[in-house]
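Colleague: What follows is model07.json, JSON, C-alpha atoms.
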[["chain", "number", "residue", "atom", "x", "y", "z"],
["A", 725, "MET", "CA", -86.63, 115.19, -97.40],
["A", 726, "TYR", "CA", -83.67, 113.18, -96.11],
["A", 727, "ASN", "CA", -83.90, 109.79, -94.44],
["A", 728, "ASN", "CA", -82.56, 109.03, -90.98],
["A", 729, "ASP", "CA", -79.23, 107.67, -92.24],
["A", 730, "ASP", "CA", -78.61, 110.95, -94.07],
["A", 731, "ASN", "CA", -79.43, 112.84, -90.90],
["A", 732, "ILE", "CA", -76.59, 111.32, -88.85],
["A", 733, "ASN", "CA", -74.19, 111.59, -91.79],
["A", 734, "TYR", "CA", -75.17, 115.23, -92.26],
["A", 735, "ILE", "CA", -74.45, 115.94, -88.57],
["A", 736, "GLU", "CA", -71.14, 114.11, -88.82],
["A", 737, "ASP", "CA", -70.12, 116.10, -91.91],
["A", 738, "ILE", "CA", -70.94, 119.44, -90.27],
["A", 739, "ILE", "CA", -68.99, 118.60, -87.12],
["A", 740, "TYR", "CA", -65.99, 117.24, -89.00],
["A", 741, "ASN", "CA", -65.79, 120.04, -91.57],
["A", 742, "THR", "CA", -66.00, 122.71, -88.86],
["A", 743, "TYR", "CA", -63.30, 120.88, -86.93],
["A", 744, "LEU", "CA", -61.00, 120.70, -89.97],
["A", 745, "GLU", "CA", -61.40, 124.42, -90.62],
["A", 746, "ASN", "CA", -60.30, 125.36, -87.11],
["A", 747, "TYR", "CA", -58.17, 122.63, -85.51],
["A", 748, "LYS", "CA", -54.74, 124.03, -86.40],
["A", 749, "TYR", "CA", -55.45, 127.09, -84.25],
["A", 750, "LYS", "CA", -56.10, 124.98, -81.16],
["A", 751, "ILE", "CA", -53.02, 122.75, -80.92],
["A", 752, "GLU", "CA", -51.12, 123.29, -77.67],
["A", 753, "LYS", "CA", -47.98, 121.70, -76.30],
["A", 754, "THR", "CA", -47.84, 120.15, -72.85],
["A", 755, "HIS", "CA", -44.84, 118.91, -70.92],
["A", 756, "ASN", "CA", -44.82, 115.67, -68.95],
["A", 757, "PRO", "CA", -42.37, 116.08, -66.06],
["A", 758, "LYS", "CA", -42.24, 112.29, -65.52],
["A", 759, "ASN", "CA", -40.71, 111.41, -68.86],
["A", 760, "LYS", "CA", -39.64, 114.91, -69.89],
["A", 761, "LYS", "CA", -41.50, 114.58, -73.19],
["A", 762, "ILE", "CA", -43.56, 117.24, -74.90],
["A", 763, "TYR", "CA", -46.96, 116.30, -76.33],
["A", 764, "ASN", "CA", -49.34, 118.12, -78.64],
["A", 765, "ILE", "CA", -52.83, 118.51, -77.22],
["A", 766, "ASP", "CA", -55.69, 119.05, -79.63],
["A", 767, "ARG", "CA", -57.84, 121.49, -77.62],
["A", 768, "LEU", "CA", -60.50, 121.63, -80.34],
["A", 769, "LYS", "CA", -60.99, 117.84, -80.26],
["A", 770, "ILE", "CA", -61.33, 118.07, -76.49],
["A", 771, "GLU", "CA", -63.94, 120.82, -76.88],
["A", 772, "TYR", "CA", -65.91, 118.75, -79.41],
["A", 773, "LEU", "CA", -65.81, 115.65, -77.19],
["A", 774, "THR", "CA", -67.12, 117.57, -74.19],
["A", 775, "ILE", "CA", -69.60, 120.09, -75.67],
["A", 776, "ILE", "CA", -73.36, 119.69, -75.55],
["A", 777, "LEU", "CA", -74.65, 119.95, -79.11],
["A", 778, "PRO", "CA", -77.67, 122.25, -79.43],
["A", 779, "PHE", "CA", -80.23, 119.65, -80.49],
["A", 780, "LYS", "CA", -83.72, 119.38, -79.09],
["A", 781, "LEU", "CA", -83.94, 115.59, -79.10],
["A", 782, "ASP", "CA", -86.80, 114.43, -76.91],
["A", 783, "LYS", "CA", -87.16, 110.80, -77.93],
["A", 784, "VAL", "CA", -86.12, 109.02, -74.73],
["A", 785, "GLU", "CA", -86.37, 109.29, -70.97],
["A", 786, "LEU", "CA", -84.70, 107.75, -67.95],
["A", 787, "LYS", "CA", -87.07, 105.50, -65.99],
["A", 788, "LYS", "CA", -86.90, 102.82, -63.31],
["A", 789, "ARG", "CA", -86.99, 99.26, -64.55],
["A", 790, "LYS", "CA", -88.82, 96.38, -62.87],
["A", 791, "ASN", "CA", -85.67, 95.48, -60.92],
["A", 792, "GLN", "CA", -85.42, 99.07, -59.58],
["A", 793, "THR", "CA", -82.35, 99.95, -61.65],
["A", 794, "PHE", "CA", -82.60, 102.65, -64.30],
["A", 795, "GLY", "CA", -82.90, 102.30, -68.05],
["A", 796, "VAL", "CA", -83.51, 104.51, -71.06],
["A", 797, "PHE", "CA", -86.97, 104.12, -72.62],
["A", 798, "THR", "CA", -88.45, 105.51, -75.82],
["A", 799, "LYS", "CA", -91.08, 108.24, -75.63],
["A", 800, "GLN", "CA", -92.01, 107.79, -79.30],
["A", 801, "LYS", "CA", -91.57, 105.31, -82.12],
["A", 802, "ILE", "CA", -88.02, 105.37, -83.49],
["A", 803, "LEU", "CA", -87.04, 104.21, -86.97],
["A", 804, "LYS", "CA", -84.00, 102.13, -87.91],
["A", 805, "GLY", "CA", -80.97, 104.40, -88.47],
["A", 806, "GLU", "CA", -82.48, 107.31, -86.55],
["A", 807, "LEU", "CA", -80.38, 109.40, -84.17],
["A", 808, "ILE", "CA", -81.71, 108.74, -80.66],
["A", 809, "THR", "CA", -79.45, 110.54, -78.21],
["A", 810, "PHE", "CA", -75.77, 111.34, -77.62],
["A", 811, "TYR", "CA", -73.17, 110.00, -75.21],
["A", 812, "PRO", "CA", -71.90, 112.84, -73.01],
["A", 813, "GLY", "CA", -68.26, 113.64, -72.40],
["A", 814, "ASP", "CA", -68.70, 115.18, -68.96],
["A", 815, "ILE", "CA", -65.16, 114.13, -68.13],
["A", 816, "LEU", "CA", -62.51, 113.43, -70.74],
["A", 817, "GLU", "CA", -59.23, 111.65, -70.16],
["A", 818, "TYR", "CA", -56.38, 112.05, -72.63],
["A", 819, "SER", "CA", -53.41, 109.71, -72.60],
["A", 820, "PRO", "CA", -50.99, 110.57, -75.41],
["A", 821, "ASP", "CA", -48.54, 107.81, -74.50],
["A", 822, "GLU", "CA", -49.94, 104.74, -72.75],
["A", 823, "LYS", "CA", -46.47, 103.43, -71.90],
["A", 824, "GLU", "CA", -45.74, 106.50, -69.80],
["A", 825, "ASN", "CA", -49.24, 106.48, -68.28],
["A", 826, "HIS", "CA", -49.52, 110.23, -68.84],
["A", 827, "ILE", "CA", -53.18, 111.11, -68.30],
["A", 828, "VAL", "CA", -54.65, 114.58, -68.47],
["A", 829, "SER", "CA", -58.28, 115.08, -67.42],
["A", 830, "TYR", "CA", -60.76, 117.72, -68.56],
["A", 831, "THR", "CA", -64.33, 118.49, -67.63],
["A", 832, "SER", "CA", -67.19, 119.64, -69.81],
["A", 833, "GLU", "CA", -68.53, 123.15, -69.42],
["A", 834, "ARG", "CA", -71.73, 121.85, -67.80],
["A", 835, "PHE", "CA", -69.69, 119.78, -65.34],
["A", 836, "TYR", "CA", -67.37, 122.68, -64.60],
["A", 837, "ASN", "CA", -70.26, 125.11, -64.05],
["A", 838, "GLN", "CA", -72.02, 122.80, -61.62],
["A", 839, "TYR", "CA", -69.02, 121.35, -59.81],
["A", 840, "LYS", "CA", -66.47, 124.16, -60.18],
["A", 841, "GLY", "CA", -64.16, 121.97, -62.23],
["A", 842, "THR", "CA", -63.45, 119.43, -59.50],
["A", 843, "ILE", "CA", -62.86, 116.06, -61.10],
["A", 844, "PRO", "CA", -63.96, 113.24, -58.80],
["A", 845, "ASP", "CA", -61.52, 110.58, -57.73],
["A", 846, "ARG", "CA", -61.26, 108.00, -60.52],
["A", 847, "THR", "CA", -62.39, 105.22, -58.17],
["A", 848, "VAL", "CA", -65.76, 106.94, -57.66],
["A", 849, "ILE", "CA", -66.60, 106.98, -61.36],
["A", 850, "ASN", "CA", -68.77, 104.12, -62.60],
["A", 851, "ASP", "CA", -66.78, 102.17, -65.21],
["A", 852, "ASN", "CA", -70.04, 101.42, -67.03],
["A", 853, "ASN", "CA", -70.23, 105.12, -67.98],
["A", 854, "ILE", "CA", -66.91, 105.12, -69.85],
["A", 855, "TYR", "CA", -66.62, 105.09, -73.62],
["A", 856, "ASN", "CA", -63.21, 104.72, -75.30],
["A", 857, "ILE", "CA", -63.08, 107.02, -78.31],
["A", 858, "ASN", "CA", -59.75, 105.56, -79.43],
["A", 859, "ASP", "CA", -56.46, 104.53, -77.80],
["A", 860, "LYS", "CA", -55.77, 108.09, -76.58],
["A", 861, "TYR", "CA", -59.15, 109.53, -75.58],
["A", 862, "LEU", "CA", -61.95, 108.28, -73.38],
["A", 863, "ILE", "CA", -65.07, 110.07, -72.21],
["A", 864, "ILE", "CA", -67.10, 109.56, -69.07],
["A", 865, "GLY", "CA", -70.77, 110.39, -68.78],
["A", 866, "CYS", "CA", -71.61, 111.39, -65.22],
["A", 867, "SER", "CA", -74.85, 110.24, -63.70],
["A", 868, "TYR", "CA", -75.20, 113.67, -62.07],
["A", 869, "PHE", "CA", -76.77, 114.78, -65.35],
["A", 870, "ASN", "CA", -79.85, 112.70, -66.03],
["A", 871, "ASN", "CA", -82.44, 115.21, -67.20],
["A", 872, "ASP", "CA", -81.29, 115.96, -70.75],
["A", 873, "PRO", "CA", -82.82, 113.62, -73.37],
["A", 874, "ASN", "CA", -80.12, 114.80, -75.81],
["A", 875, "TYR", "CA", -77.49, 113.12, -73.61],
["A", 876, "LEU", "CA", -78.74, 109.90, -72.02],
["A", 877, "GLY", "CA", -76.44, 107.47, -73.86],
["A", 878, "HIS", "CA", -74.45, 106.63, -70.72],
["A", 879, "PHE", "CA", -77.60, 105.28, -69.04],
["A", 880, "ILE", "CA", -78.40, 102.74, -71.76],
["A", 881, "ASN", "CA", -77.93, 99.21, -70.43],
["A", 882, "ASP", "CA", -76.00, 96.43, -72.14],
["A", 883, "GLY", "CA", -78.16, 93.66, -73.53],
["A", 884, "SER", "CA", -77.87, 90.43, -75.45],
["A", 885, "LYS", "CA", -80.37, 91.77, -78.02],
["A", 886, "PRO", "CA", -79.26, 95.34, -78.74],
["A", 887, "ASN", "CA", -81.68, 97.68, -80.52],
["A", 888, "CYS", "CA", -79.24, 100.59, -80.87],
["A", 889, "TYR", "CA", -75.52, 101.12, -81.33],
["A", 890, "PHE", "CA", -72.70, 103.61, -80.77],
["A", 891, "TYR", "CA", -71.97, 105.84, -83.76],
["A", 892, "ASN", "CA", -68.55, 107.47, -83.56],
["A", 893, "LEU", "CA", -68.66, 110.86, -85.30],
["A", 894, "LYS", "CA", -65.03, 110.80, -86.55],
["A", 895, "ASP", "CA", -63.65, 110.68, -82.99],
["A", 896, "LEU", "CA", -65.29, 114.05, -82.22],
["A", 897, "HIS", "CA", -68.60, 113.05, -80.63],
["A", 898, "ILE", "CA", -70.58, 109.87, -79.92],
["A", 899, "ALA", "CA", -74.18, 109.33, -80.98],
["A", 900, "ILE", "CA", -76.61, 106.51, -80.26],
["A", 901, "VAL", "CA", -78.45, 105.30, -83.37],
["A", 902, "ALA", "CA", -81.34, 102.84, -83.77],
["A", 903, "LEU", "CA", -80.29, 99.42, -85.02],
["A", 904, "GLU", "CA", -83.92, 98.57, -85.84],
["A", 905, "ASN", "CA", -87.40, 100.08, -85.58],
["A", 906, "ILE", "CA", -88.17, 100.57, -81.88],
["A", 907, "ASP", "CA", -91.69, 100.93, -80.47],
["A", 908, "ILE", "CA", -92.84, 103.48, -77.93],
["A", 909, "ASN", "CA", -92.08, 102.63, -74.26],
["A", 910, "GLU", "CA", -89.36, 100.13, -75.21],
["A", 911, "GLU", "CA", -86.09, 100.01, -73.31],
["A", 912, "LEU", "CA", -82.92, 100.69, -75.27],
["A", 913, "PHE", "CA", -80.04, 98.21, -75.17],
["A", 914, "LEU", "CA", -76.51, 98.42, -76.52],
["A", 915, "SER", "CA", -74.29, 95.47, -77.36],
["A", 916, "CYS", "CA", -71.85, 94.46, -74.62],
["A", 917, "GLN", "CA", -69.25, 94.13, -77.41],
["A", 918, "SER", "CA", -69.58, 97.79, -78.59]]
Could you render the structure from this file as structure tokens?
Modeller:
Amino acid sequence: MYNNDDNINYIEDIIYNTYLENYKYKIEKTHNPKNKKIYNIDRLKIEYLTIILPFKLDKVELKKRKNQTFGVFTKQKILKGELITFYPGDILEYSPDEKENHIVSYTSERFYNQYKGTIPDRTVINDNNIYNINDKYLIIGCSYFNNDPNYLGHFINDGSKPNCYFYNLKDLHIAIVALENIDINEELFLSCQS
């Protein structure tokens, strides 16, 4: 039997190895009319950042807190190093060259199916639901989707005493992992510095 640390590493290895086997077939070129440059777009990376992985995690739920805002609470005891939930990439923004401010936006399949691909105006999106993968990619978890315990990472509040942390799966997906043992019915908190 593997421990919880092996579990997240095992998932990371599977995702990364599958990506490496297939990425060269998914590179596309895009033209930016503003600066007349051509950029390579890694469509497979975009797919990985926006897919919903087929896990049946049911460890957490979204509930109202005492102050009437929402938080993510444990439904069972969680051990240190255990995978808790994922951070969804309902919307992805890709900026290959920050100096030229060239941004391309994509939506996840679940977002596209529900909202017919319409990407909301950037000012409507809650900045608290944004996670920067690296200097070129950022993902946004939309609060429209709040019923999937596999993907509640964007609802976890910042706290001065975090009990979980972001785990970047080689820039292909983001997981939330327990920083310590967490009891049942406890609220999850991430570090403001993450």
Colleague: Check the smallest atom-to-atom distance from each of A:Leu912, A:Cys866, A:Ile738, A:Ile775 to Ile808 of chain A using only C-alpha atoms, then report the winner.
Modeller: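 For Ile808 of chain A, the nearest of the candidates is A:Leu912.
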Colleague: Counting all atoms listed in the file, which of A:Asp737, A:Glu817, A:Glu806, A:Asp782 gets nearest to Ser829 of chain A?
Modeller: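 For Ser829 of chain A, the nearest of the candidates is A:Glu817.
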Colleague: Show me, as JSON lines, the residues of segment 838-906 of chain A having an atom within 9 Å of segment 776-780 of chain A, each with the closest atom pair and its distance in Å, using all atoms listed in the file.
Modeller:
{"residue": "A:Pro873", "atom": "CA", "partner": "A:Lys780", "partner_atom": "CA", "distance": 8.2}
{"residue": "A:Asn874", "atom": "CA", "partner": "A:Lys780", "partner_atom": "CA", "distance": 6.7}
{"residue": "A:Tyr875", "atom": "CA", "partner": "A:Ile776", "partner_atom": "CA", "distance": 8.0}
Colleague: Around the point (-77.8, 112.3, -77.5), in the coordinates given by the file, pick out the residues reaching within 12 Å, counting only C-alpha atoms, and return them as an NGL selection string.
Modeller: :A and (732 or 775-785 or 796 or 806-813 or 865 or 870-880 or 890-891 or 897-902)
Colleague: Separation of atom CA of Leu803 of chain A and atom CA of Lys788 of chain A, in Å?
Modeller: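 Distance reported for this atom pair: 23.7 Å.
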Colleague: Could you give me, as a PyMOL selection string, the residues within 10 Å of Glu833 of chain A, counting all atoms listed in the file and dropping anything in the same chain fewer than 3 positions from it?
Modeller: chain A and resi 771+774-776+813-815+830+836-841
Colleague: Which residue, A:Tyr861, A:Phe794, A:Phe869, A:Tyr855, has the smallest gap to Asn881 of chain A when you use only C-alpha atoms?
Modeller: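 Selected residue with least distance to Asn881 of chain A: A:Phe794.
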Colleague: Please report, as a tab-separated table, each residue of segment 820-915 of chain A lying at most 12 Å from segment 739-747 of chain A, together with the nearest pair of atoms and the separation in Å rounded to one decimal; use all atoms listed in the file, and order rows by chain and ascending residue number.
Modeller:
residue	atom	partner	partner_atom	distance
A:Asn892	CA	A:Tyr740	CA	11.5
A:Leu893	CA	A:Tyr740	CA	7.8
A:Lys894	CA	A:Tyr740	CA	7.0
A:Asp895	CA	A:Tyr740	CA	9.2
A:Leu896	CA	A:Tyr740	CA	7.5
A:His897	CA	A:Ile739	CA	8.5
A:Ile898	CA	A:Ile739	CA	11.4
Colleague: Hey, could you pull the box centre and edge lengths for segment 785-789 of chain A, axis-aligned, 5 Å padding per side, all listed atoms, to one decimal in Å, as lines of an AutoDock Vina configuration file?
Modeller:
center_x = -85.9
center_y = 104.3
center_z = -67.1
size_x = 12.4
size_y = 20.0
size_z = 17.7
Colleague: In Å to one decimal, how far is atom CA of Ile857 of chain A from atom CA of Ser915 of chain A?
Modeller: 16.1 Å
Colleague: Leaving out Leu914 of chain A and any residue of its chain fewer than 3 positions from it, which residues lie within 7 Å of it when counting only C-alpha atoms, given as a ChimeraX atom specification?
Modeller: /A:880-883,886-889
